[in-house]
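Visitor: Below is the file upload_11.cif, which contains mmCIF, C-alpha atoms.
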```cif
data_data
loop_
_atom_site.label_atom_id
_atom_site.label_comp_id
_atom_site.auth_asym_id
_atom_site.auth_seq_id
_atom_site.Cartn_x
_atom_site.Cartn_y
_atom_site.Cartn_z
CA MET A 1 116.84 98.26 118.11
CA ALA A 2 119.50 99.19 120.67
CA TYR A 3 118.59 102.86 120.15
CA VAL A 4 114.92 102.16 120.86
CA LEU A 5 115.66 100.12 123.98
CA TYR A 6 118.29 102.41 125.48
CA GLY A 7 115.96 105.40 125.57
CA THR A 8 113.23 103.56 127.48
CA ALA A 9 114.23 104.85 130.92
CA TYR A 10 114.20 108.49 129.79
CA VAL A 11 110.63 108.75 128.51
CA PRO A 12 108.41 111.09 130.59
CA PHE A 13 105.79 109.35 132.73
CA HIS A 14 102.12 109.02 131.73
CA GLY A 15 99.23 108.25 134.07
CA ASP A 16 97.99 105.42 131.86
CA GLU A 17 101.16 103.53 132.73
CA SER A 18 99.85 103.31 136.30
CA THR A 19 96.59 101.89 135.02
CA GLN A 20 98.29 99.28 132.84
CA ILE A 21 100.52 98.19 135.73
CA TYR A 22 97.47 98.07 138.00
CA MET A 23 95.80 95.76 135.46
CA SER A 24 98.74 93.35 135.68
CA ARG A 25 97.06 92.02 138.83
CA ASP A 26 95.21 89.76 136.38
CA TYR A 27 98.52 87.98 135.75
CA ALA A 28 98.65 87.08 139.45
CA TYR A 29 95.00 86.01 139.51
CA GLN A 30 95.44 83.74 136.51
CA PHE A 31 99.01 82.42 136.57
CA ILE A 32 99.95 82.55 140.26
CA ASP A 33 96.65 82.07 142.13
CA HIS A 34 94.89 80.18 139.29
CA ASP A 35 91.68 81.94 140.32
CA PHE A 36 89.74 82.31 137.08
CA GLY A 37 86.66 83.37 139.02
CA LYS A 38 88.16 86.82 139.49
CA LEU A 39 88.55 87.16 135.71
CA ALA A 40 85.10 85.96 134.71
CA TYR A 41 82.46 88.50 133.69
CA SER A 42 79.71 89.23 136.18
CA PRO A 43 76.65 91.49 135.86
CA THR A 44 77.28 92.50 139.48
CA PRO A 45 81.08 92.43 139.87
CA THR A 46 82.76 92.80 143.23
CA ALA A 47 85.53 94.85 141.56
CA ALA A 48 83.68 96.93 138.94
CA THR A 49 86.73 99.00 137.96
CA GLU A 50 88.85 95.94 137.31
CA GLN A 51 86.13 94.35 135.17
CA GLU A 52 85.59 97.50 133.10
CA LEU A 53 89.31 97.87 132.46
CA ARG A 54 89.50 94.16 131.64
CA LEU A 55 86.89 94.60 128.92
CA LEU A 56 88.10 97.92 127.55
CA ASN A 57 91.79 97.08 127.22
CA GLY A 58 93.94 94.42 125.64
CA THR A 59 95.35 91.62 127.72
CA VAL A 60 98.79 90.92 126.20
CA ASN A 61 100.57 93.93 127.71
CA LYS A 62 99.22 93.42 131.24
CA TYR A 63 100.22 89.75 131.20
CA LEU A 64 103.72 90.66 130.01
CA ILE A 65 104.01 93.35 132.70
CA GLY A 66 102.97 90.79 135.30
CA LEU A 67 105.51 88.31 133.97
CA ALA A 68 108.18 91.03 134.10
CA TRP A 69 107.65 91.99 137.74
CA HIS A 70 107.20 88.36 138.74
CA ALA A 71 110.49 87.39 137.06
CA ASN A 72 112.18 90.27 138.89
CA GLY A 73 111.16 88.99 142.31
CA MET A 74 108.19 91.31 142.88
CA SER A 75 104.68 90.33 143.93
CA ILE A 76 101.15 91.65 143.56
CA SER A 77 101.62 93.60 146.79
CA ASP A 78 104.19 95.76 144.96
CA VAL A 79 101.67 96.75 142.28
CA ASN A 80 100.25 100.27 142.51
CA GLU A 81 96.60 101.30 142.40
CA GLN A 82 94.94 102.68 139.28
CA TRP A 83 95.78 106.29 138.41
CA ASP A 84 93.04 108.61 139.68
CA TRP A 85 92.37 111.15 136.91
CA GLY A 86 90.00 113.03 139.19
CA ALA A 87 92.83 113.91 141.58
CA ASP A 88 96.06 115.83 141.12
CA TRP A 89 99.63 114.60 140.72
CA ASN A 90 100.57 114.88 144.40
CA TYR A 91 97.57 112.87 145.57
CA ASN A 92 98.37 110.02 143.19
CA GLN A 93 102.04 110.00 144.10
CA GLN A 94 101.40 110.06 147.84
CA ASN A 95 98.55 107.54 147.96
CA GLY A 96 99.94 104.58 146.03
CA HIS A 97 98.40 105.36 142.66
CA ALA A 98 101.80 105.69 140.95
CA PRO A 99 104.42 102.93 140.53
CA ASN A 100 107.77 103.24 142.23
CA ALA A 101 110.83 103.66 139.99
CA PRO A 102 111.95 99.98 139.94
CA LEU A 103 108.44 98.75 139.11
CA LEU A 104 107.98 101.35 136.37
CA THR A 105 111.32 100.42 134.79
CA VAL A 106 110.49 96.71 134.80
CA ALA A 107 106.97 97.31 133.49
CA ARG A 108 108.22 99.32 130.49
CA TRP A 109 110.49 96.62 129.10
CA PRO A 110 107.85 94.33 127.52
CA SER A 111 106.37 97.12 125.39
CA ALA A 112 109.79 98.56 124.52
CA ILE A 113 111.16 95.16 123.46
CA LEU A 114 108.19 94.52 121.20
CA LEU A 115 108.47 98.02 119.74
CA ALA A 116 112.14 97.36 118.96
CA ALA A 117 111.29 93.96 117.46
CA GLY A 118 108.93 95.78 115.12
CA ILE A 119 112.01 97.14 113.33
CA ILE A 120 112.79 93.61 112.12
CA VAL A 121 109.26 93.23 110.78
CA MET A 122 109.42 96.63 109.08
CA PHE A 123 112.67 95.61 107.40
CA ALA A 124 111.13 92.33 106.24
CA LEU A 125 108.08 94.15 104.86
CA GLY A 126 110.38 96.59 103.07
CA ARG A 127 112.20 93.67 101.46
CA ALA A 128 108.87 92.15 100.44
CA LEU A 129 107.91 95.40 98.73
CA GLY A 130 111.24 95.30 96.91
CA GLY A 131 114.07 97.66 96.15
CA SER A 132 117.53 98.00 97.63
CA TRP A 133 116.68 101.08 99.68
CA THR A 134 113.11 100.37 100.78
CA PRO A 135 113.77 98.20 103.88
CA TYR A 136 116.45 100.54 105.24
CA ALA A 137 114.46 103.73 104.75
CA ALA A 138 111.26 102.18 106.16
CA SER A 139 112.85 100.71 109.28
CA LEU A 140 114.86 103.90 109.90
CA TYR A 141 111.69 106.02 109.79
CA TYR A 142 110.05 103.61 112.24
CA ALA A 143 113.03 103.58 114.64
CA LEU A 144 113.32 107.39 114.75
CA ASN A 145 109.60 108.29 114.88
CA PRO A 146 109.16 110.35 118.10
CA ALA A 147 105.54 109.34 118.67
CA LEU A 148 106.27 105.62 118.36
CA LEU A 149 109.26 106.00 120.69
CA ILE A 150 107.31 107.87 123.36
CA ASP A 151 104.26 105.62 123.56
CA GLY A 152 105.95 102.37 122.59
CA ARG A 153 108.59 102.71 125.31
CA ARG A 154 105.99 103.37 128.00
CA ALA A 155 104.29 100.63 130.01
CA MET A 156 101.28 100.78 127.71
CA MET A 157 99.60 98.66 125.02
CA GLU A 158 101.17 100.43 122.04
CA GLY A 159 104.35 98.33 121.74
CA SER A 160 102.48 95.02 121.54
CA PHE A 161 99.77 96.56 119.35
CA ILE A 162 102.21 97.85 116.73
CA PHE A 163 104.42 94.75 116.73
CA PHE A 164 101.66 92.16 116.36
CA SER A 165 99.76 94.29 113.82
CA LEU A 166 102.87 94.44 111.62
CA LEU A 167 103.44 90.73 112.16
CA VAL A 168 99.92 89.98 110.92
CA LEU A 169 100.71 91.84 107.71
CA MET A 170 104.07 90.08 107.31
CA VAL A 171 102.62 86.59 107.80
CA GLY A 172 99.80 87.51 105.41
CA VAL A 173 102.46 88.34 102.81
CA TRP A 174 104.19 85.00 103.47
CA LEU A 175 100.90 83.11 103.07
CA LEU A 176 100.18 84.89 99.81
CA GLU A 177 103.70 84.20 98.54
CA LYS A 178 103.75 80.50 99.37
CA PRO A 179 100.53 79.04 100.84
CA SER A 180 100.98 76.34 103.46
CA LEU A 181 99.09 75.01 106.46
CA ARG A 182 101.91 76.12 108.77
CA ARG A 183 101.67 79.69 107.56
CA GLY A 184 97.89 79.64 107.87
CA ILE A 185 98.17 78.52 111.49
CA LEU A 186 100.81 81.18 112.16
CA LEU A 187 98.58 83.87 110.65
CA GLY A 188 95.77 82.82 112.99
CA LEU A 189 98.01 82.90 116.06
CA VAL A 190 99.55 86.32 115.42
CA SER A 191 96.14 87.75 114.48
CA GLY A 192 94.71 86.55 117.79
CA PHE A 193 97.61 88.12 119.69
CA ALA A 194 97.14 91.37 117.75
CA LEU A 195 93.46 91.57 118.68
CA ALA A 196 94.29 90.70 122.30
CA SER A 197 96.93 93.45 122.34
CA LYS A 198 94.49 96.20 121.42
CA HIS A 199 91.03 95.90 119.93
CA THR A 200 91.75 98.41 117.16
CA ALA A 201 94.07 95.80 115.59
CA LEU A 202 90.80 94.53 114.15
CA PHE A 203 91.29 96.93 111.22
CA THR A 204 94.67 95.43 110.34
CA VAL A 205 93.46 91.85 110.73
CA GLY A 206 90.35 92.60 108.68
CA ALA A 207 92.38 94.34 105.95
CA VAL A 208 94.83 91.42 105.64
CA TYR A 209 92.15 88.72 105.48
CA THR A 210 90.00 90.76 103.10
CA GLY A 211 93.01 91.62 100.95
CA ILE A 212 93.99 87.95 100.52
CA LEU A 213 90.40 86.97 99.77
CA LEU A 214 89.87 89.74 97.21
CA TYR A 215 93.15 88.90 95.51
CA LEU A 216 92.04 85.29 95.15
CA ILE A 217 88.74 86.42 93.66
CA TYR A 218 90.54 88.75 91.27
CA GLN A 219 92.91 86.01 90.15
CA SER A 220 90.01 83.63 89.61
CA ILE A 221 88.10 86.13 87.49
CA ARG A 222 91.22 87.02 85.55
CA SER A 223 91.99 83.40 84.73
CA GLU A 224 88.29 82.60 84.12
CA ASP A 225 87.89 78.82 84.69
CA ASP A 226 91.60 78.09 84.92
CA TYR A 227 91.98 77.87 88.71
CA SER A 228 95.48 77.31 89.99
CA VAL A 229 96.45 74.94 92.77
CA VAL A 230 97.20 78.01 94.89
CA ASP A 231 93.56 79.14 94.59
CA TYR A 232 92.35 75.79 95.87
CA VAL A 233 94.64 75.50 98.90
CA LEU A 234 94.81 79.12 100.05
CA LEU A 235 91.11 79.50 100.82
CA PRO A 236 90.99 76.60 103.32
CA TYR A 237 94.18 77.89 104.94
CA LEU A 238 92.55 81.30 105.31
CA ALA A 239 89.49 79.70 106.94
CA ILE A 240 91.72 77.79 109.37
CA ALA A 241 93.59 81.00 110.18
CA ALA A 242 90.31 82.80 110.93
CA ALA A 243 89.19 80.05 113.32
CA ILE A 244 92.55 80.10 115.13
CA THR A 245 92.37 83.91 115.35
CA PHE A 246 89.14 83.84 117.32
CA GLY A 247 90.27 80.88 119.40
CA THR A 248 93.51 82.63 120.37
CA PHE A 249 91.73 85.86 121.23
CA PHE A 250 89.20 84.11 123.46
CA ALA A 251 91.92 82.08 125.19
CA LEU A 252 93.67 85.33 126.10
CA ASN A 253 90.45 87.01 127.29
CA PRO A 254 88.75 85.05 130.10
CA ALA A 255 86.30 87.93 130.58
CA TRP A 256 84.81 87.05 127.17
CA TRP A 257 84.16 83.41 128.06
CA GLY A 258 80.56 82.26 128.31
CA ASP A 259 78.84 84.72 125.98
CA PRO A 260 81.33 86.29 123.54
CA ALA A 261 78.63 87.97 121.43
CA GLN A 262 77.26 89.79 124.47
CA ARG A 263 80.79 90.69 125.61
CA ALA A 264 81.50 92.22 122.20
CA GLN A 265 78.38 94.38 122.49
CA THR A 266 79.33 95.42 126.03
CA VAL A 267 82.86 96.34 124.93
CA LEU A 268 81.51 98.40 122.04
CA GLU A 269 79.21 100.32 124.40
CA LEU A 270 82.01 100.90 126.91
CA ARG A 271 84.32 102.11 124.12
CA GLN A 272 81.68 104.53 122.81
CA ASN A 273 81.04 105.88 126.31
CA LEU A 274 84.77 106.33 126.91
CA LEU A 275 85.30 108.29 123.67
CA ALA A 276 82.20 110.37 124.33
CA GLY A 277 83.50 111.22 127.79
CA GLN A 278 86.94 112.13 126.45
CA THR A 279 85.57 114.42 123.74
CA ALA A 280 83.18 116.07 126.21
CA ALA A 281 85.96 116.68 128.73
CA PHE A 282 88.83 117.61 126.44
CA GLY A 283 87.12 118.82 123.27
CA GLY A 284 86.82 116.78 120.12
CA TYR A 285 86.79 117.70 116.46
CA ALA A 286 83.86 119.93 115.54
CA ASN A 287 83.78 118.98 111.85
CA PHE A 288 85.56 116.95 109.20
CA GLY A 289 87.83 119.87 108.32
CA GLU A 290 89.25 119.91 111.84
CA GLN A 291 89.50 116.14 111.77
CA LEU A 292 91.50 116.24 108.54
CA SER A 293 93.80 118.99 109.85
CA GLY A 294 94.49 117.04 113.04
CA PHE A 295 95.16 113.91 111.02
CA LEU A 296 97.67 115.71 108.78
CA ARG A 297 99.45 117.32 111.74
CA GLN A 298 99.75 114.15 113.76
CA SER A 299 100.58 111.90 110.81
CA PHE A 300 103.13 113.98 108.90
CA VAL A 301 104.46 116.76 111.15
CA VAL A 302 104.62 114.62 114.33
CA THR A 303 105.50 117.15 117.01
CA PRO A 304 105.99 114.99 120.15
CA GLN A 305 102.94 114.96 122.43
CA TYR A 306 103.88 113.90 125.96
CA TYR A 307 100.50 114.46 127.60
CA GLU A 308 96.87 115.19 126.74
CA ILE A 309 96.04 117.40 129.73
CA ALA A 310 97.73 120.81 129.83
CA SER A 311 98.32 120.73 133.60
CA TRP A 312 100.78 117.86 133.13
CA GLN A 313 103.37 120.30 131.83
CA GLY A 314 103.84 121.41 135.41
CA TYR A 315 104.18 117.83 136.63
CA ILE A 316 106.55 116.31 134.07
CA GLY A 317 108.09 119.45 132.55
CA ASP A 318 111.54 118.56 133.91
CA GLN A 319 111.29 115.03 132.51
CA ILE A 320 110.27 116.41 129.11
CA SER A 321 113.19 118.87 129.05
CA GLN A 322 115.66 116.13 129.92
CA TYR A 323 114.23 113.78 127.28
CA ASP A 324 114.08 116.49 124.60
CA ALA A 325 117.73 117.36 125.22
CA SER A 326 118.85 113.75 124.77
CA VAL A 327 119.67 111.91 121.55
CA TRP A 328 117.04 109.29 122.41
CA ARG A 329 114.02 111.47 121.58
CA GLY A 330 113.94 110.47 117.91
CA VAL A 331 113.62 112.70 114.85
CA SER A 332 110.44 114.06 113.28
CA ILE A 333 111.02 113.29 109.60
CA GLY A 334 108.30 115.80 108.72
CA GLY A 335 108.94 118.14 111.65
CA SER A 336 107.27 121.16 110.05
CA VAL A 337 104.72 122.01 107.38
CA GLY A 338 107.49 122.25 104.79
CA GLY A 339 109.00 118.95 105.89
CA ALA A 340 105.57 117.32 105.81
CA VAL A 341 105.11 118.49 102.20
CA VAL A 342 108.49 116.98 101.25
CA LEU A 343 107.55 113.73 103.01
CA CYS A 344 104.25 113.60 101.12
CA GLY A 345 106.15 114.22 97.88
CA ILE A 346 108.42 111.26 98.60
CA MET A 347 105.39 109.13 99.41
CA THR A 348 103.93 109.97 96.00
CA GLY A 349 106.71 107.94 94.42
CA GLY A 350 105.94 105.11 96.83
CA ILE A 351 102.24 105.19 96.00
CA TRP A 352 103.09 105.09 92.30
CA SER A 353 105.28 102.04 92.91
CA LEU A 354 102.44 100.35 94.83
CA ILE A 355 99.94 101.00 92.06
CA ARG A 356 102.23 100.16 89.15
CA PRO A 357 104.92 97.76 90.44
CA THR A 358 107.70 97.19 87.96
CA THR A 359 108.77 93.69 87.01
CA HIS A 360 112.48 94.52 87.24
CA LYS A 361 113.89 92.77 90.29
CA GLN A 362 116.58 95.37 90.79
CA ASP A 363 113.90 98.04 91.17
CA VAL A 364 111.11 96.49 93.18
CA GLY A 365 111.37 92.75 93.39
CA GLU A 366 109.15 89.79 92.58
CA PRO A 367 106.51 88.59 93.03
CA ALA A 368 105.07 92.09 93.23
CA GLY A 369 101.39 91.96 92.29
CA GLY A 370 99.78 90.22 95.27
CA ILE A 371 102.17 91.65 97.84
CA HIS A 372 101.72 95.20 96.62
CA TRP A 373 97.96 94.70 96.53
CA LEU A 374 97.85 93.40 100.11
CA ILE A 375 100.12 96.07 101.59
CA GLY A 376 98.40 98.79 99.57
CA LEU A 377 94.95 97.76 100.81
CA TRP A 378 96.20 97.61 104.42
CA ALA A 379 97.70 101.10 104.02
CA LEU A 380 94.45 102.48 102.61
CA VAL A 381 92.29 100.91 105.33
CA THR A 382 94.63 102.18 108.07
CA PHE A 383 94.58 105.73 106.74
CA ILE A 384 90.80 105.87 106.27
CA THR A 385 89.86 104.30 109.62
CA THR A 386 92.35 106.43 111.55
CA LEU A 387 91.13 109.61 109.85
CA VAL A 388 87.42 108.93 110.19
CA LEU A 389 87.23 107.19 113.58
CA THR A 390 89.63 109.32 115.66
CA PRO A 391 87.47 111.84 117.57
CA LEU A 392 90.15 114.08 119.09
CA GLU A 393 93.77 115.05 118.48
CA TRP A 394 95.59 112.66 120.77
CA GLN A 395 98.80 111.50 119.13
CA ARG A 396 98.74 107.96 120.47
CA TYR A 397 95.48 107.39 118.59
CA TYR A 398 97.41 107.94 115.34
CA LEU A 399 100.23 105.45 115.94
CA ALA A 400 98.88 102.94 113.43
CA VAL A 401 99.57 105.27 110.48
CA TYR A 402 103.32 105.64 111.13
CA PRO A 403 104.35 102.18 109.88
CA VAL A 404 102.23 102.85 106.79
CA ILE A 405 104.03 106.14 106.16
CA GLY A 406 107.40 104.49 106.78
CA LEU A 407 106.81 101.72 104.23
CA VAL A 408 105.29 103.94 101.55
CA ALA A 409 107.96 106.61 102.02
CA GLY A 410 110.66 103.92 101.99
CA LEU A 411 109.33 102.69 98.67
CA GLY A 412 109.28 106.30 97.50
CA VAL A 413 112.93 106.81 98.46
CA ASN A 414 113.84 103.72 96.48
CA TRP A 415 111.81 104.97 93.49
CA LEU A 416 113.58 108.33 93.56
CA ILE A 417 117.04 106.77 93.74
CA GLN A 418 116.30 104.27 90.99
CA ASN A 419 114.92 106.96 88.69
CA ARG A 420 117.87 109.22 89.41
CA ASN A 421 120.21 106.41 88.41
CA ARG A 422 118.26 105.80 85.21
CA LEU A 423 118.36 109.43 84.24
CA THR A 424 122.11 109.50 84.87
CA LEU A 425 122.60 106.44 82.66
CA ARG A 426 120.48 107.95 79.91
CA ARG A 427 122.52 111.15 79.94
CA ARG A 428 125.68 109.09 79.52
CA GLU A 429 124.29 106.96 76.68
CA PRO A 430 125.84 108.01 73.32
CA LEU A 431 123.64 108.74 70.36
CA ALA A 432 123.55 106.17 67.55
CA ASP A 433 125.24 108.47 65.04
CA GLU A 434 128.11 109.04 67.52
CA ILE A 435 129.10 105.37 67.53
CA PRO A 436 131.79 104.56 64.93
CA LEU A 437 131.09 101.71 62.55
CA SER A 438 134.67 100.39 62.63
CA GLY A 439 138.35 101.12 62.97
CA ASP A 440 138.36 103.38 66.02
CA ASP A 441 139.35 101.48 69.17
CA SER A 442 138.82 104.57 71.30
CA ARG A 443 135.07 104.48 70.70
CA PRO A 444 132.66 101.68 71.68
CA ASP A 445 131.42 99.20 69.05
CA THR A 446 128.05 98.72 70.65
CA LEU A 447 125.54 100.61 72.76
CA PRO A 448 126.42 100.48 76.45
CA GLU A 449 124.35 97.97 78.37
CA LEU A 450 121.98 99.51 80.93
#
```
Could you show the structure in this file as structure tokens?

Guide:
Amino acid sequence: MAYVLYGTAYVPFHGDESTQIYMSRDYAYQFIDHDFGKLAYSPTPTAATEQELRLLNGTVNKYLIGLAWHANGMSISDVNEQWDWGADWNYNQQNGHAPNAPLLTVARWPSAILLAAGIIVMFALGRALGGSWTPYAASLYYALNPALLIDGRRAMMEGSFIFFSLLVLMVGVWLLEKPSLRRGILLGLVSGFALASKHTALFTVGAVYTGILLYLIYQSIRSEDDYSVVDYVLLPYLAIAAAITFGTFFALNPAWWGDPAQRAQTVLELRQNLLAGQTAAFGGYANFGEQLSGFLRQSFVVTPQYYEIASWQGYIGDQISQYDASVWRGVSIGGSVGGAVVLCGIMTGGIWSLIRPTTHKQDVGEPAGGIHWLIGLWALVTFITTLVLTPLEWQRYYLAVYPVIGLVAGLGVNWLIQNRNRLTLRRREPLADEIPLSGDDSRPDTLPEL
């Protein structure tokens, strides 16, 4: 966690950081001025740009940025304007569209802290999966992943998005392990915060809720009419969690108040228009083959991508060189095609452990069935949605797959080590006809215990 946090100041700047800081004005409107009228949706808004950004983006990060600059003695007058992507670097820097250094530093801390806190959740998920090595390997992969470090340390939504998405999965595991009303309420709260961090957290929230529900159905069918107490109490807790999820999301999104169904349709249209504009301007995937290639490159090779527009090399080239030369840049575990193949090979062992969890506690841990089912379904949903729904090769659109890879690879590392140890023990085991029946104290009387 210290490694993640210490490198925050060295990450090269991105224009979207300006936009996120600009959006933190909503913190002042809501918590300082108490003017909810500025946050309410209007068909004819006085500030159209603010309203569009308010609908397109999550709210958690901008509120935390506002809290950060407010706690550091700054005011809304210190907040920069939105980054103008139609103008060049010099125009934005000279006309107040870029944050000054103190504001940028303060604004990065909320996302970086949540990214670092995600290491704890990764470790806990690794322990839930089981195995002595799984939590360490999984959390190490997460902490060193260059893409997570770049975008999670920036003043952007990615830190809160990753943290709360992982927390949804962790609380889902807790609820499945030991159902209780408290854990149901907690699942609803963290799910609402995840959705309010970034709308694409919907896939994680949906996978967790669906996974728990399907596991209950499976258990009921398997036991025929013999329903357990867990089956009876878990379903109401899940319903309560769902209600709290939507309540929390709406509480954190004043722009959705009044007509949430219409707001959802508006957001979907705005999101489609944004992606269409990005693919038209920067070139999207032409076919599924290109889409699959981009997915494999960004998921397993992970060459750091500091910008999406080529001209930015001239603007932040010095920052990139300085960051690349530091120890804070992280390590691409894949790093090359060969490394990616090795990583996929390690993940094969992890996938095998997910599909066929052992009952030996020293190997995987118990209870394994429901936990492995839930995490496995979440991993599958994350991979499929990221592959199919990402229209162009921008690395920050692939961030959701890295925790999946970390956990599955961590489980694979544990599987390899455990099987290596077993093979070693089997090689040392004497054959039955080599064991003396009696009278020789230099030879064992019984088979060695594994």

Visitor: Mind listing whatever residues come within 12 Å of the point (87.6, 95.7, 136.0)? Use only C-alpha atoms, file coordinates, and give them as a PyMOL selection string.

Guide: chain A and resi 19-20+22-26+38-57+82+255+270

Visitor: Give me the result of the PyMOL selection byres ((chain A and resi 171) around 12) on this file, residue by residue, as a short mmCIF file (atom, residue, chain, number, x, y, z; two decimals) with C-alpha atoms, keeping the file's coordinate frame.

Guide:
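The resulting file, out14.cif, is reproduced below:
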```
data_model
loop_
_atom_site.label_atom_id
_atom_site.label_comp_id
_atom_site.auth_asym_id
_atom_site.auth_seq_id
_atom_site.Cartn_x
_atom_site.Cartn_y
_atom_site.Cartn_z
CA VAL A 121 109.26 93.23 110.78
CA ALA A 124 111.13 92.33 106.24
CA LEU A 125 108.08 94.15 104.86
CA ALA A 128 108.87 92.15 100.44
CA PHE A 164 101.66 92.16 116.36
CA SER A 165 99.76 94.29 113.82
CA LEU A 166 102.87 94.44 111.62
CA LEU A 167 103.44 90.73 112.16
CA VAL A 168 99.92 89.98 110.92
CA LEU A 169 100.71 91.84 107.71
CA MET A 170 104.07 90.08 107.31
CA GLY A 172 99.80 87.51 105.41
CA VAL A 173 102.46 88.34 102.81
CA TRP A 174 104.19 85.00 103.47
CA LEU A 175 100.90 83.11 103.07
CA LEU A 176 100.18 84.89 99.81
CA GLU A 177 103.70 84.20 98.54
CA LYS A 178 103.75 80.50 99.37
CA PRO A 179 100.53 79.04 100.84
CA SER A 180 100.98 76.34 103.46
CA ARG A 182 101.91 76.12 108.77
CA ARG A 183 101.67 79.69 107.56
CA GLY A 184 97.89 79.64 107.87
CA ILE A 185 98.17 78.52 111.49
CA LEU A 186 100.81 81.18 112.16
CA LEU A 187 98.58 83.87 110.65
CA GLY A 188 95.77 82.82 112.99
CA LEU A 189 98.01 82.90 116.06
CA VAL A 190 99.55 86.32 115.42
CA SER A 191 96.14 87.75 114.48
CA VAL A 205 93.46 91.85 110.73
CA VAL A 208 94.83 91.42 105.64
CA TYR A 209 92.15 88.72 105.48
CA ILE A 212 93.99 87.95 100.52
CA LEU A 238 92.55 81.30 105.31
CA ALA A 241 93.59 81.00 110.18
CA ILE A 371 102.17 91.65 97.84
CA LEU A 374 97.85 93.40 100.11
CA ILE A 375 100.12 96.07 101.59
#
```

Visitor: At what distance in Å, to one decimal, does atom CA of A:Phe383 lie from atom CA of A:Arg127?

Guide: 22.0 Å

Visitor: I'd like to know which of A:Leu104, A:Asn95, A:Thr248, A:Ala117 is closest to A:Ala2, using only C-alpha atoms.

Guide: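 Answer, going by the shortest atom-to-atom distance: A:Ala117.
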
Visitor: Select, from A:Ser160, A:Thr390, A:Asn253, A:Asn92, the residue with the minimum atom-to-atom distance to A:Leu292, counting only C-alpha atoms.

Guide: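 Ranking A:Ser160, A:Thr390, A:Asn253, A:Asn92 by distance to A:Leu292, first place goes to A:Thr390.
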
Visitor: Measure the distance from atom CA of A:Gly376 to atom CA of A:Gly350 in Å and round it to one decimal.

Guide: 10.2 Å

Visitor: Which residues are near stretch 321-323 of chain A? Cut-off 10 Å, all atoms listed in the file, ignore same chain within fewer than 4 positions. Put them as a list in words.

Guide: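 So, after excluding close chain neighbours, the residues are Gly7, Ala9, Tyr10, Val11, Pro12, Ile150, Ile316, Gly317, Val327, Trp328, Arg329 and Gly330 of chain A.
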
Visitor: Using only C-alpha atoms, determine which residues lie at most 8 Å from stretch 280-286 of chain A, disregarding the query and same-chain residues fewer than 2 positions distant; provide the list as a PyMOL selection string.

Guide: chain A and resi 276-278+288+290-291+309+391-393

Visitor: When the PyMOL selection byres ((chain A and resi 61) around 9) is applied to the structure above, which residues does it catch, written out as a tab-separated table (two decimals) with C-alpha atoms, keeping the file's coordinate frame?

Guide:
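out.tsv, written as the output of this step:
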```
chain	number	residue	atom	x	y	z
A	20	GLN	CA	98.29	99.28	132.84
A	24	SER	CA	98.74	93.35	135.68
A	58	GLY	CA	93.94	94.42	125.64
A	59	THR	CA	95.35	91.62	127.72
A	60	VAL	CA	98.79	90.92	126.20
A	62	LYS	CA	99.22	93.42	131.24
A	63	TYR	CA	100.22	89.75	131.20
A	64	LEU	CA	103.72	90.66	130.01
A	65	ILE	CA	104.01	93.35	132.70
A	66	GLY	CA	102.97	90.79	135.30
A	110	PRO	CA	107.85	94.33	127.52
A	111	SER	CA	106.37	97.12	125.39
A	155	ALA	CA	104.29	100.63	130.01
A	156	MET	CA	101.28	100.78	127.71
A	157	MET	CA	99.60	98.66	125.02
A	158	GLU	CA	101.17	100.43	122.04
A	159	GLY	CA	104.35	98.33	121.74
A	160	SER	CA	102.48	95.02	121.54
A	161	PHE	CA	99.77	96.56	119.35
A	196	ALA	CA	94.29	90.70	122.30
A	197	SER	CA	96.93	93.45	122.34
```

Visitor: Looking at only C-alpha atoms, which of A:Pro254, A:Gly294, A:Pro99, A:Gly37 is the one that sits closest to A:Glu17?

Guide: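 Residue with the minimum atom-to-atom distance to A:Glu17: A:Pro99.
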
Visitor: Leaving out stretch 343-345 of chain A and any residue of its chain fewer than 3 positions from it, which residues lie within 9 Å of it when counting all atoms listed in the file, given as a PyMOL selection string?

Guide: chain A and resi 300+333-334+338-340+348-349+405+409+412
